[in-house]
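entry-v9.cif follows; it contains mmCIF, C-alpha atoms.
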```cif
data_query
#
loop_
_atom_site.label_atom_id
_atom_site.label_comp_id
_atom_site.auth_asym_id
_atom_site.auth_seq_id
_atom_site.Cartn_x
_atom_site.Cartn_y
_atom_site.Cartn_z
CA MET B 1 127.16 60.90 27.41
CA SER B 2 125.70 63.53 29.71
CA VAL B 3 127.24 64.44 32.96
CA ASN B 4 125.03 65.31 35.99
CA LEU B 5 126.39 68.58 37.09
CA HIS B 6 124.18 68.67 40.17
CA THR B 7 126.01 67.24 43.18
CA GLN B 8 124.14 65.86 46.18
CA ARG B 9 124.23 68.28 49.10
CA ALA B 10 125.31 66.70 52.44
CA ASP B 11 123.16 67.11 55.59
CA PRO B 12 124.42 69.83 57.90
CA ALA B 13 126.25 68.59 60.96
CA PRO B 14 124.36 68.97 64.31
CA PRO B 15 125.47 71.93 66.36
CA PRO B 16 127.84 71.11 69.16
CA PRO B 17 126.16 70.86 72.61
CA ARG B 18 126.31 73.91 74.71
CA PRO B 19 128.71 73.54 77.61
CA GLY B 20 126.13 74.03 80.41
CA ARG B 21 123.09 72.25 78.94
CA HIS B 22 123.79 68.81 80.46
CA HIS B 23 124.67 70.36 83.80
CA SER B 24 121.45 72.44 83.78
CA ARG B 25 119.31 69.35 83.04
CA SER B 26 120.95 67.39 85.88
CA ARG B 27 120.44 70.28 88.25
CA ARG B 28 116.73 70.51 87.40
CA ARG B 29 116.36 66.77 87.89
CA PHE B 30 118.10 67.01 91.26
CA TRP B 31 115.85 69.83 92.49
CA SER B 32 112.76 68.03 91.18
CA GLN B 33 113.62 64.85 93.10
CA LEU B 34 114.55 66.88 96.17
CA ASP B 35 111.23 68.70 96.02
CA LEU B 36 109.33 65.42 95.65
CA LYS B 37 111.08 63.64 98.51
CA ALA B 38 111.93 66.43 100.93
CA THR B 39 108.78 68.55 100.79
CA PRO B 40 106.63 66.14 102.86
CA TYR B 41 109.26 66.08 105.59
CA PHE B 42 109.52 69.86 105.48
CA LEU B 43 105.75 70.24 105.85
CA ILE B 44 105.51 67.96 108.88
CA SER B 45 108.71 69.24 110.52
CA PRO B 46 106.98 72.02 112.54
CA TYR B 47 105.12 69.41 114.57
CA PHE B 48 108.28 67.50 115.45
CA ILE B 49 110.18 70.70 116.20
CA LEU B 50 107.45 71.90 118.56
CA PHE B 51 107.20 68.43 120.11
CA ALA B 52 110.95 68.36 120.71
CA ILE B 53 110.82 71.80 122.38
CA PHE B 54 107.62 71.51 124.40
CA GLY B 55 107.30 67.73 124.77
CA LEU B 56 110.56 65.83 124.58
CA PHE B 57 112.78 68.38 126.32
CA PRO B 58 110.45 68.80 129.35
CA LEU B 59 110.21 65.01 129.61
CA VAL B 60 113.99 64.57 129.63
CA PHE B 61 114.48 67.54 131.96
CA THR B 62 111.87 66.19 134.39
CA PHE B 63 113.68 62.84 134.49
CA TRP B 64 116.98 64.62 135.18
CA VAL B 65 115.35 66.63 138.00
CA SER B 66 113.84 63.44 139.44
CA LEU B 67 117.38 62.16 140.03
CA GLN B 68 118.22 65.22 142.13
CA ASP B 69 117.45 66.49 145.59
CA TYR B 70 116.14 69.66 144.02
CA GLY B 71 114.76 72.36 146.31
CA LEU B 72 112.49 74.68 144.36
CA ALA B 73 112.81 77.56 146.83
CA GLY B 74 116.60 77.69 147.05
CA GLY B 75 117.37 76.19 143.63
CA ASP B 76 120.02 73.89 145.13
CA ALA B 77 120.37 70.50 143.41
CA GLU B 78 122.25 67.44 144.60
CA PHE B 79 122.41 64.22 142.59
CA THR B 80 120.79 61.36 144.53
CA GLY B 81 120.17 58.78 141.80
CA LEU B 82 117.02 56.72 142.29
CA GLU B 83 116.52 57.76 145.90
CA ASN B 84 113.39 59.80 145.09
CA TYR B 85 111.83 56.82 143.35
CA ALA B 86 112.63 54.51 146.26
CA LYS B 87 111.06 56.93 148.75
CA LEU B 88 108.06 57.44 146.49
CA LEU B 89 107.33 53.72 146.15
CA ALA B 90 107.30 53.47 149.93
CA ASP B 91 105.12 56.56 150.39
CA SER B 92 101.60 55.63 151.48
CA ASP B 93 100.27 59.06 150.47
CA PHE B 94 101.44 58.50 146.91
CA TRP B 95 99.75 55.10 146.70
CA ASN B 96 96.61 56.63 148.16
CA ALA B 97 96.68 59.15 145.30
CA VAL B 98 97.20 56.32 142.80
CA ILE B 99 94.18 54.41 144.14
CA ASN B 100 92.05 57.56 144.06
CA THR B 101 93.11 58.37 140.51
CA VAL B 102 92.44 54.89 139.18
CA GLY B 103 89.13 54.66 141.05
CA ILE B 104 87.82 57.97 139.75
CA PHE B 105 89.10 57.11 136.28
CA ILE B 106 87.20 53.81 136.14
CA LEU B 107 84.08 55.30 137.71
CA ALA B 108 84.06 58.17 135.21
CA THR B 109 85.41 56.69 131.97
CA VAL B 110 83.39 53.48 131.63
CA PRO B 111 79.93 55.11 131.97
CA GLN B 112 81.12 58.08 129.94
CA LEU B 113 82.09 56.04 126.86
CA VAL B 114 79.06 53.76 127.11
CA LEU B 115 76.68 56.73 127.33
CA ALA B 116 78.53 58.44 124.48
CA LEU B 117 78.06 55.36 122.27
CA LEU B 118 74.34 55.17 123.03
CA LEU B 119 73.91 58.90 122.54
CA ALA B 120 75.77 58.86 119.22
CA ASN B 121 73.70 55.91 118.02
CA ALA B 122 70.51 57.83 118.86
CA LEU B 123 71.73 60.98 117.11
CA ASN B 124 72.57 58.90 114.05
CA LYS B 125 68.90 58.05 113.58
CA ARG B 126 66.39 60.09 111.62
CA LEU B 127 65.21 62.67 114.14
CA ARG B 128 63.52 66.02 113.93
CA ALA B 129 65.85 68.92 114.69
CA ARG B 130 68.89 66.63 114.56
CA LEU B 131 71.26 69.56 114.15
CA PHE B 132 69.89 71.18 117.31
CA PHE B 133 70.45 68.03 119.38
CA ARG B 134 73.88 67.41 117.86
CA LEU B 135 75.00 70.91 118.74
CA GLY B 136 73.34 70.66 122.14
CA VAL B 137 75.57 67.83 123.31
CA LEU B 138 78.60 70.11 122.85
CA VAL B 139 77.32 72.77 125.25
CA PRO B 140 79.02 71.21 128.32
CA LEU B 141 82.33 71.16 126.44
CA VAL B 142 82.37 74.91 125.82
CA THR B 143 81.51 75.60 129.44
CA SER B 144 84.43 76.58 131.67
CA VAL B 145 85.66 73.68 133.77
CA VAL B 146 85.83 76.02 136.76
CA ALA B 147 82.16 76.96 136.31
CA VAL B 148 81.21 73.28 136.00
CA ALA B 149 83.10 72.39 139.18
CA ILE B 150 81.58 75.26 141.13
CA VAL B 151 78.03 74.37 140.07
CA PHE B 152 78.47 70.68 140.85
CA THR B 153 80.08 71.49 144.19
CA GLN B 154 76.93 73.39 145.08
CA LEU B 155 74.72 70.57 143.82
CA TYR B 156 76.61 68.14 146.07
CA GLY B 157 76.45 70.42 149.10
CA ARG B 158 75.84 68.60 152.36
CA ASP B 159 73.15 70.89 153.82
CA PHE B 160 71.52 72.65 150.87
CA GLY B 161 72.62 70.61 147.86
CA LEU B 162 70.08 69.60 145.23
CA PHE B 163 71.07 65.93 145.24
CA ASN B 164 70.64 65.60 148.99
CA TRP B 165 67.30 67.37 148.68
CA LEU B 166 66.16 64.81 146.07
CA LEU B 167 67.47 61.91 148.16
CA GLY B 168 65.50 63.26 151.08
CA PHE B 169 62.27 62.34 149.29
CA LEU B 170 63.47 58.73 149.37
CA GLY B 171 64.17 58.86 153.07
CA VAL B 172 67.95 59.09 152.69
CA GLU B 173 69.75 61.30 155.17
CA ASN B 174 72.03 64.06 153.97
CA ILE B 175 75.33 62.76 152.58
CA ASP B 176 78.58 64.59 153.17
CA TRP B 177 79.89 64.00 149.65
CA GLN B 178 83.42 65.14 150.46
CA SER B 179 83.95 63.03 153.56
CA ALA B 180 84.23 59.53 152.06
CA LYS B 181 85.98 57.97 149.09
CA TRP B 182 82.94 56.51 147.36
CA SER B 183 80.86 59.68 147.62
CA SER B 184 83.64 62.07 146.57
CA TRP B 185 84.65 59.76 143.70
CA THR B 186 81.03 59.70 142.51
CA ALA B 187 80.69 63.48 142.66
CA ILE B 188 83.91 64.08 140.71
CA ALA B 189 83.07 61.34 138.19
CA THR B 190 79.73 62.97 137.39
CA MET B 191 81.51 66.27 136.72
CA VAL B 192 83.82 64.55 134.25
CA ASP B 193 80.98 62.62 132.61
CA TRP B 194 78.77 65.69 132.21
CA ARG B 195 81.58 67.60 130.53
CA TRP B 196 83.05 64.95 128.20
CA THR B 197 80.22 62.57 127.27
CA GLY B 198 78.94 64.87 124.53
CA TYR B 199 82.44 65.34 123.12
CA ASN B 200 82.95 61.59 122.76
CA ALA B 201 79.43 61.21 121.36
CA ILE B 202 80.21 63.64 118.53
CA ILE B 203 83.40 61.74 117.71
CA TYR B 204 81.48 58.46 117.63
CA LEU B 205 78.78 60.08 115.51
CA ALA B 206 81.41 61.21 112.99
CA GLY B 207 82.65 57.63 112.78
CA MET B 208 79.13 56.27 112.33
CA GLN B 209 78.49 58.72 109.48
CA THR B 210 81.23 57.02 107.45
CA ILE B 211 79.55 53.58 107.58
CA PRO B 212 77.85 52.79 104.23
CA ARG B 213 74.06 52.67 104.50
CA ASP B 214 74.05 49.66 102.20
CA LEU B 215 75.32 47.51 105.07
CA TYR B 216 72.34 48.42 107.24
CA GLU B 217 69.89 47.93 104.38
CA ALA B 218 71.32 44.51 103.59
CA ALA B 219 71.19 43.55 107.27
CA SER B 220 67.56 44.69 107.50
CA ILE B 221 66.66 42.57 104.48
CA ASP B 222 68.32 39.58 106.15
CA GLY B 223 66.15 40.19 109.21
CA ALA B 224 68.77 41.65 111.58
CA SER B 225 67.26 43.70 114.40
CA PRO B 226 68.56 47.24 115.15
CA ARG B 227 70.29 45.90 118.27
CA ARG B 228 72.11 43.23 116.27
CA GLN B 229 73.06 45.79 113.62
CA PHE B 230 74.59 47.92 116.35
CA TRP B 231 76.69 45.04 117.69
CA GLN B 232 77.60 43.43 114.36
CA ILE B 233 78.02 46.49 112.12
CA THR B 234 78.32 49.74 114.03
CA LEU B 235 80.78 48.74 116.76
CA PRO B 236 83.23 46.84 114.51
CA MET B 237 83.20 49.62 111.89
CA ILE B 238 84.03 52.38 114.40
CA ARG B 239 86.61 50.37 116.31
CA PRO B 240 89.49 52.78 115.44
CA THR B 241 87.37 55.65 116.73
CA ILE B 242 86.66 53.79 119.97
CA ILE B 243 90.37 53.09 120.42
CA PHE B 244 91.12 56.79 119.96
CA THR B 245 88.55 57.88 122.56
CA VAL B 246 89.79 55.25 125.01
CA PHE B 247 93.36 56.54 124.64
CA VAL B 248 92.34 60.17 125.10
CA SER B 249 90.06 59.33 128.03
CA THR B 250 92.82 57.31 129.69
CA ILE B 251 95.29 60.17 129.45
CA GLY B 252 92.73 62.71 130.64
CA GLY B 253 91.41 60.50 133.44
CA LEU B 254 94.81 59.67 134.89
CA THR B 255 95.90 63.33 134.81
CA LEU B 256 92.67 64.59 136.39
CA PHE B 257 93.28 67.83 138.26
CA ALA B 258 90.82 70.72 137.83
CA GLU B 259 87.61 69.00 138.97
CA PRO B 260 88.93 67.55 142.26
CA VAL B 261 90.83 70.76 143.06
CA MET B 262 87.68 72.87 142.66
CA PHE B 263 85.68 70.25 144.57
CA ALA B 264 88.18 70.67 147.44
CA SER B 265 87.92 74.49 147.34
CA ASN B 266 91.40 74.92 145.79
CA ARG B 267 93.09 72.64 148.32
CA MET B 268 95.66 70.13 147.09
CA ASP B 269 95.30 67.59 149.89
CA GLY B 270 92.07 66.10 148.52
CA GLY B 271 90.14 66.27 151.77
CA ALA B 272 90.97 65.72 155.41
CA THR B 273 92.32 62.21 154.80
CA GLY B 274 93.23 62.64 151.12
CA GLN B 275 90.15 60.68 150.11
CA PHE B 276 90.03 62.16 146.61
CA GLN B 277 93.56 63.47 146.08
CA THR B 278 94.73 62.53 142.58
CA ILE B 279 98.31 62.02 141.41
CA ALA B 280 98.30 65.40 139.66
CA MET B 281 97.23 67.08 142.90
CA TYR B 282 99.92 65.17 144.79
CA ILE B 283 102.57 66.34 142.31
CA VAL B 284 101.54 69.98 142.67
CA GLU B 285 101.44 69.66 146.45
CA GLN B 286 104.95 68.20 146.62
CA GLY B 287 106.47 70.55 144.06
CA PHE B 288 104.85 73.89 144.77
CA ARG B 289 103.63 73.57 148.35
CA ASN B 290 106.43 71.51 149.90
CA PHE B 291 109.01 72.85 147.38
CA ASP B 292 110.44 69.36 146.82
CA TYR B 293 110.85 69.63 143.07
CA GLY B 294 112.88 66.45 142.61
CA TYR B 295 110.32 64.36 144.50
CA ALA B 296 107.49 65.86 142.45
CA ALA B 297 109.39 65.13 139.23
CA ALA B 298 109.76 61.48 140.25
CA ALA B 299 106.01 61.30 140.88
CA ALA B 300 105.39 62.85 137.45
CA TRP B 301 107.51 60.19 135.79
CA LEU B 302 105.71 57.40 137.63
CA LEU B 303 102.44 58.96 136.45
CA PHE B 304 103.82 58.81 132.90
CA VAL B 305 104.57 55.11 133.34
CA LEU B 306 101.09 54.55 134.79
CA ILE B 307 99.53 56.22 131.74
CA LEU B 308 101.52 53.98 129.40
CA MET B 309 100.36 50.91 131.33
CA GLY B 310 96.75 52.11 131.30
CA VAL B 311 96.80 52.77 127.56
CA GLY B 312 98.33 49.35 126.90
CA ILE B 313 95.79 47.50 129.06
CA ASN B 314 92.86 49.37 127.52
CA TYR B 315 94.17 48.71 124.02
CA MET B 316 94.28 44.96 124.67
CA PHE B 317 90.59 45.04 125.62
CA VAL B 318 89.31 47.47 123.01
CA ARG B 319 91.11 45.89 120.05
CA ARG B 320 88.97 42.77 120.48
CA ILE B 321 85.81 44.68 119.49
CA GLY B 322 84.44 43.11 116.35
CA GLY B 323 86.22 39.79 116.80
CA SER B 324 89.80 41.06 116.41
CA LYS B 325 92.39 38.80 117.98
#
```
Step by step, read the file and then write its structure as structure tokens.
Amino acid sequence: MSVNLHTQRADPAPPPPRPGRHHSRSRRRFWSQLDLKATPYFLISPYFILFAIFGLFPLVFTFWVSLQDYGLAGGDAEFTGLENYAKLLADSDFWNAVINTVGIFILATVPQLVLALLLANALNKRLRARLFFRLGVLVPLVTSVVAVAIVFTQLYGRDFGLFNWLLGFLGVENIDWQSAKWSSWTAIATMVDWRWTGYNAIIYLAGMQTIPRDLYEAASIDGASPRRQFWQITLPMIRPTIIFTVFVSTIGGLTLFAEPVMFASNRMDGGATGQFQTIAMYIVEQGFRNFDYGYAAAAAWLLFVLILMGVGINYMFVRRIGGSK
């Protein structure tokens, strides 16, 4: 009987875990999750910080000032509650500025966006020297608004203006463009249209470039005319772009300031009877000419409310483009 002298060797026991290994793994997992979830908020935080400093704080401060009888010259402030708003709502000059602002806004914005759509649709076609024409529509945008206003003021001159000279060939007597509402509104609206139509056209063109060409080819095969393609394909597909331009145009139109001020030769009254004084001009006149800072702040807040109403009304109309309910 033989005896196996070789004994079976046992497997070595695993080494004991190091004291800090589990803690190190948990810490890495924590920082990894923190990096994944917190980094996006960190990257967008500069915008909200700047908005809080330069947007939200001035808005809140303006509302606080609007509740005061705040004299800009002396710096004395006395809390009056809603007295400034009550006086403002009964002020005929303020409502005259509101009517002027809304009138110029409608007269300028509607033709501006329609012309921009037509211009963008034309630039979206196959044309020779397309890049030249696309860059050409941006020339008015890079021109100084002061230079634009000065040139158009000369063009609308009563005695030697180009437009009166052209109207003279049709037997129309010279028009004093600054003396009446309709004429001054028209002159200011053309300044705004000349400057911003090309800008909106480029935005619309960028939206049209994203529409697949297959849609147009399929529509052409089905016998759809270019006009029907524009209404049934182009407009519905760029609806978000149209909404954006309407919002921006509403804000810019209701805060119109530079063009009418230059048209009035740096006066804030908007003419002898305030025929083209906008709300922005009225605010500057009250705050920095009459030194009634609280009253001007109340007018600024009512302008803010008017802009919100204008954006909401325009959104209800524009969102229906393409059959949206």
Straight-line distance linking atom CA of B:Asp93 with atom CA of B:Thr109, stated in Å to one decimal: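 If I compute the distance from atom CA of B:Asp93 to atom CA of B:Thr109, I get 23.8 Å.
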Output of the PyMOL selection byres ((chain B and resi 279) around 7), listed as a VMD selection string: chain B and resid 97 to 98 101 277 to 278 280 to 283
Pairwise distance for atom CA of B:Pro260 and atom CA of B:Ala149, rounded to one decimal in Å: 8.2 Å
Spatial neighbours of B:Pro226, max dist 12 Å, only C-alpha atoms, sep filter under 6 positions, as a list in words: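 After dropping sequence-adjacent residues, the list is Asn121, Ala122, Lys125, Tyr216, Glu217, Ala219, Ser220, Gln232, Ile233 and Thr234 of chain B.
Straight-line separation from atom CA of B:Gly168 to atom CA of B:Arg267: 29.3 Å.
Distance annotation: of B:Val311, B:Phe51, B:Ala116, B:Leu131, the residue with the minimal separation from B:Ile203 is B:Ala116; atom set is all atoms listed in the file.
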Residue nearest B:Ser249 - candidates B:Phe48, B:Phe291, B:Phe163, B:Trp196, atoms counted: all atoms listed in the file: B:Trp196
Polymer residues at most 12 Å from B:Ala189, all atoms listed in the file, same-chain spacing of 6 or more positions, as number ranges by chain: B: 100-112, 149, 152, 181-183, 195-197, 253, 256, 259-260, 263, 276
Explicit residue set for the PyMOL selection byres ((chain B and resi 159) around 12), as a list in words: Thr153, Gln154, Leu155, Tyr156, Gly157, Arg158, Phe160, Gly161, Leu162, Phe163, Asn164, Trp165, Gly168, Glu173, Asn174, Ile175, Asp176 and Trp177 of chain B
Keeping only C-alpha atoms, take the residues you just selected and write them out as a PDB file, keeping the file's coordinate frame.
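Everything below was put into result_39.pdb:
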```pdb
ATOM      1  CA  THR B 153      80.080  71.490 144.190  1.00  0.00           C
ATOM      2  CA  GLN B 154      76.930  73.390 145.080  1.00  0.00           C
ATOM      3  CA  LEU B 155      74.720  70.570 143.820  1.00  0.00           C
ATOM      4  CA  TYR B 156      76.610  68.140 146.070  1.00  0.00           C
ATOM      5  CA  GLY B 157      76.450  70.420 149.100  1.00  0.00           C
ATOM      6  CA  ARG B 158      75.840  68.600 152.360  1.00  0.00           C
ATOM      7  CA  PHE B 160      71.520  72.650 150.870  1.00  0.00           C
ATOM      8  CA  GLY B 161      72.620  70.610 147.860  1.00  0.00           C
ATOM      9  CA  LEU B 162      70.080  69.600 145.230  1.00  0.00           C
ATOM     10  CA  PHE B 163      71.070  65.930 145.240  1.00  0.00           C
ATOM     11  CA  ASN B 164      70.640  65.600 148.990  1.00  0.00           C
ATOM     12  CA  TRP B 165      67.300  67.370 148.680  1.00  0.00           C
ATOM     13  CA  GLY B 168      65.500  63.260 151.080  1.00  0.00           C
ATOM     14  CA  GLU B 173      69.750  61.300 155.170  1.00  0.00           C
ATOM     15  CA  ASN B 174      72.030  64.060 153.970  1.00  0.00           C
ATOM     16  CA  ILE B 175      75.330  62.760 152.580  1.00  0.00           C
ATOM     17  CA  ASP B 176      78.580  64.590 153.170  1.00  0.00           C
ATOM     18  CA  TRP B 177      79.890  64.000 149.650  1.00  0.00           C
TER      19      TRP B 177
END
```
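Each of B:Ser26, B:Gly171, B:Tyr204, B:Thr273 was compared to B:Asn96 using all atoms listed in the file, and B:Thr273 turns out to be the nearest.
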Residues within 12 Å of B:Thr210, all atoms listed in the file, excluding chain neighbours under 2 positions, as a list of chain:residue names: B:Asn124, B:Ile203, B:Tyr204, B:Leu205, B:Ala206, B:Gly207, B:Met208, B:Pro212, B:Arg213, B:Asp214, B:Leu215, B:Ile233, B:Thr234, B:Met237, B:Ile238, B:Thr241
Option closest in space to B:Leu303, from B:Leu88, B:Met316, B:Leu167, B:Leu50 [counting only C-alpha atoms]: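 Once distances to B:Leu303 are computed over only C-alpha atoms, the minimum belongs to B:Leu88.
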Exercise: B:Gly312 partners within 12 Å, only C-alpha atoms, chain neighbours under 5 positions left out, as a list in words: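 The residues that qualify are Ile243, Val246, Phe247, Thr250, Ile251, Val305, Leu306, Ile307, Phe317, Val318 and Arg319 of chain B.
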Convert the current residue selection to file output with C-alpha atoms, as a compact mmCIF listing (two decimals), keeping the file's coordinate frame.
```txt
# COMPACT_ATOMS: atom_id res chain seq x y z
CA ILE B 243 90.37 53.09 120.42
CA VAL B 246 89.79 55.25 125.01
CA PHE B 247 93.36 56.54 124.64
CA THR B 250 92.82 57.31 129.69
CA ILE B 251 95.29 60.17 129.45
CA VAL B 305 104.57 55.11 133.34
CA LEU B 306 101.09 54.55 134.79
CA ILE B 307 99.53 56.22 131.74
CA PHE B 317 90.59 45.04 125.62
CA VAL B 318 89.31 47.47 123.01
CA ARG B 319 91.11 45.89 120.05
```
The PyMOL selection byres ((chain B and resi 301) around 10) applied to the shown file, residues as a VMD selection string: chain B and resid 59 to 60 62 to 63 66 85 296 to 300 302 to 307
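Distances here use all atoms listed in the file; by that measure, the residue among B:Phe169, B:Tyr315, B:Asn266, B:Val146 closest to B:Arg239 is B:Tyr315.
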Best match for closeness to B:Val148 among B:Thr190, B:Asn200, B:Ser92, B:Gln178, counting all atoms listed in the file: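 Ranking B:Thr190, B:Asn200, B:Ser92, B:Gln178 by distance to B:Val148, first place goes to B:Thr190.
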Kindly output stretch 118-127 of chain B as a compact mmCIF listing (two decimals), in the frame of the given file, after building all heavy atoms.
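File selection_30.txt, as written:
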```
# COMPACT_ATOMS: atom_id res chain seq x y z
N LEU B 118 75.80 55.21 123.14
CA LEU B 118 74.34 55.17 123.03
C LEU B 118 73.80 56.50 122.51
O LEU B 118 72.87 56.53 121.68
CB LEU B 118 73.73 54.83 124.38
CG LEU B 118 74.11 53.46 124.97
CD1 LEU B 118 73.48 53.27 126.35
CD2 LEU B 118 73.69 52.33 124.03
N LEU B 119 74.37 57.59 122.98
CA LEU B 119 73.91 58.90 122.54
C LEU B 119 74.23 59.12 121.06
O LEU B 119 73.39 59.65 120.30
CB LEU B 119 74.58 59.99 123.39
CG LEU B 119 74.16 61.44 123.12
CD1 LEU B 119 72.66 61.61 123.33
CD2 LEU B 119 74.94 62.38 124.03
N ALA B 120 75.41 58.72 120.63
CA ALA B 120 75.77 58.86 119.22
C ALA B 120 74.88 57.99 118.34
O ALA B 120 74.47 58.40 117.24
CB ALA B 120 77.24 58.48 119.02
N ASN B 121 74.57 56.79 118.80
CA ASN B 121 73.70 55.91 118.02
C ASN B 121 72.30 56.51 117.88
O ASN B 121 71.66 56.40 116.83
CB ASN B 121 73.62 54.54 118.68
CG ASN B 121 72.90 53.52 117.83
OD1 ASN B 121 73.27 53.28 116.68
ND2 ASN B 121 71.87 52.90 118.38
N ALA B 122 71.82 57.17 118.94
CA ALA B 122 70.51 57.83 118.86
C ALA B 122 70.55 59.03 117.94
O ALA B 122 69.60 59.26 117.16
CB ALA B 122 70.06 58.25 120.27
N LEU B 123 71.62 59.81 117.98
CA LEU B 123 71.73 60.98 117.11
C LEU B 123 71.96 60.61 115.66
O LEU B 123 71.79 61.44 114.77
CB LEU B 123 72.88 61.88 117.59
CG LEU B 123 72.69 62.55 118.95
CD1 LEU B 123 73.95 63.30 119.36
CD2 LEU B 123 71.50 63.51 118.92
N ASN B 124 72.35 59.37 115.42
CA ASN B 124 72.57 58.90 114.05
C ASN B 124 71.27 58.47 113.37
O ASN B 124 71.26 58.21 112.17
CB ASN B 124 73.56 57.73 114.06
CG ASN B 124 74.15 57.45 112.70
OD1 ASN B 124 74.38 58.37 111.92
ND2 ASN B 124 74.40 56.19 112.40
N LYS B 125 70.20 58.40 114.14
CA LYS B 125 68.90 58.05 113.58
C LYS B 125 68.26 59.26 112.92
O LYS B 125 68.72 60.39 113.03
CB LYS B 125 67.98 57.51 114.69
CG LYS B 125 68.56 56.37 115.51
CD LYS B 125 68.73 55.13 114.69
CE LYS B 125 69.22 53.97 115.56
NZ LYS B 125 69.46 52.73 114.77
N ARG B 126 67.16 59.00 112.23
CA ARG B 126 66.39 60.09 111.62
C ARG B 126 65.53 60.74 112.69
O ARG B 126 64.55 60.16 113.15
CB ARG B 126 65.52 59.56 110.48
CG ARG B 126 66.32 59.02 109.30
CD ARG B 126 65.41 58.61 108.15
NE ARG B 126 66.17 58.14 107.01
CZ ARG B 126 66.68 58.91 106.06
NH1 ARG B 126 66.51 60.22 106.14
NH2 ARG B 126 67.36 58.40 105.06
N LEU B 127 65.90 61.93 113.09
CA LEU B 127 65.21 62.67 114.14
C LEU B 127 64.86 64.06 113.63
O LEU B 127 65.54 64.61 112.74
CB LEU B 127 66.07 62.79 115.40
CG LEU B 127 66.52 61.51 116.09
CD1 LEU B 127 67.53 61.84 117.19
CD2 LEU B 127 65.34 60.76 116.68
```
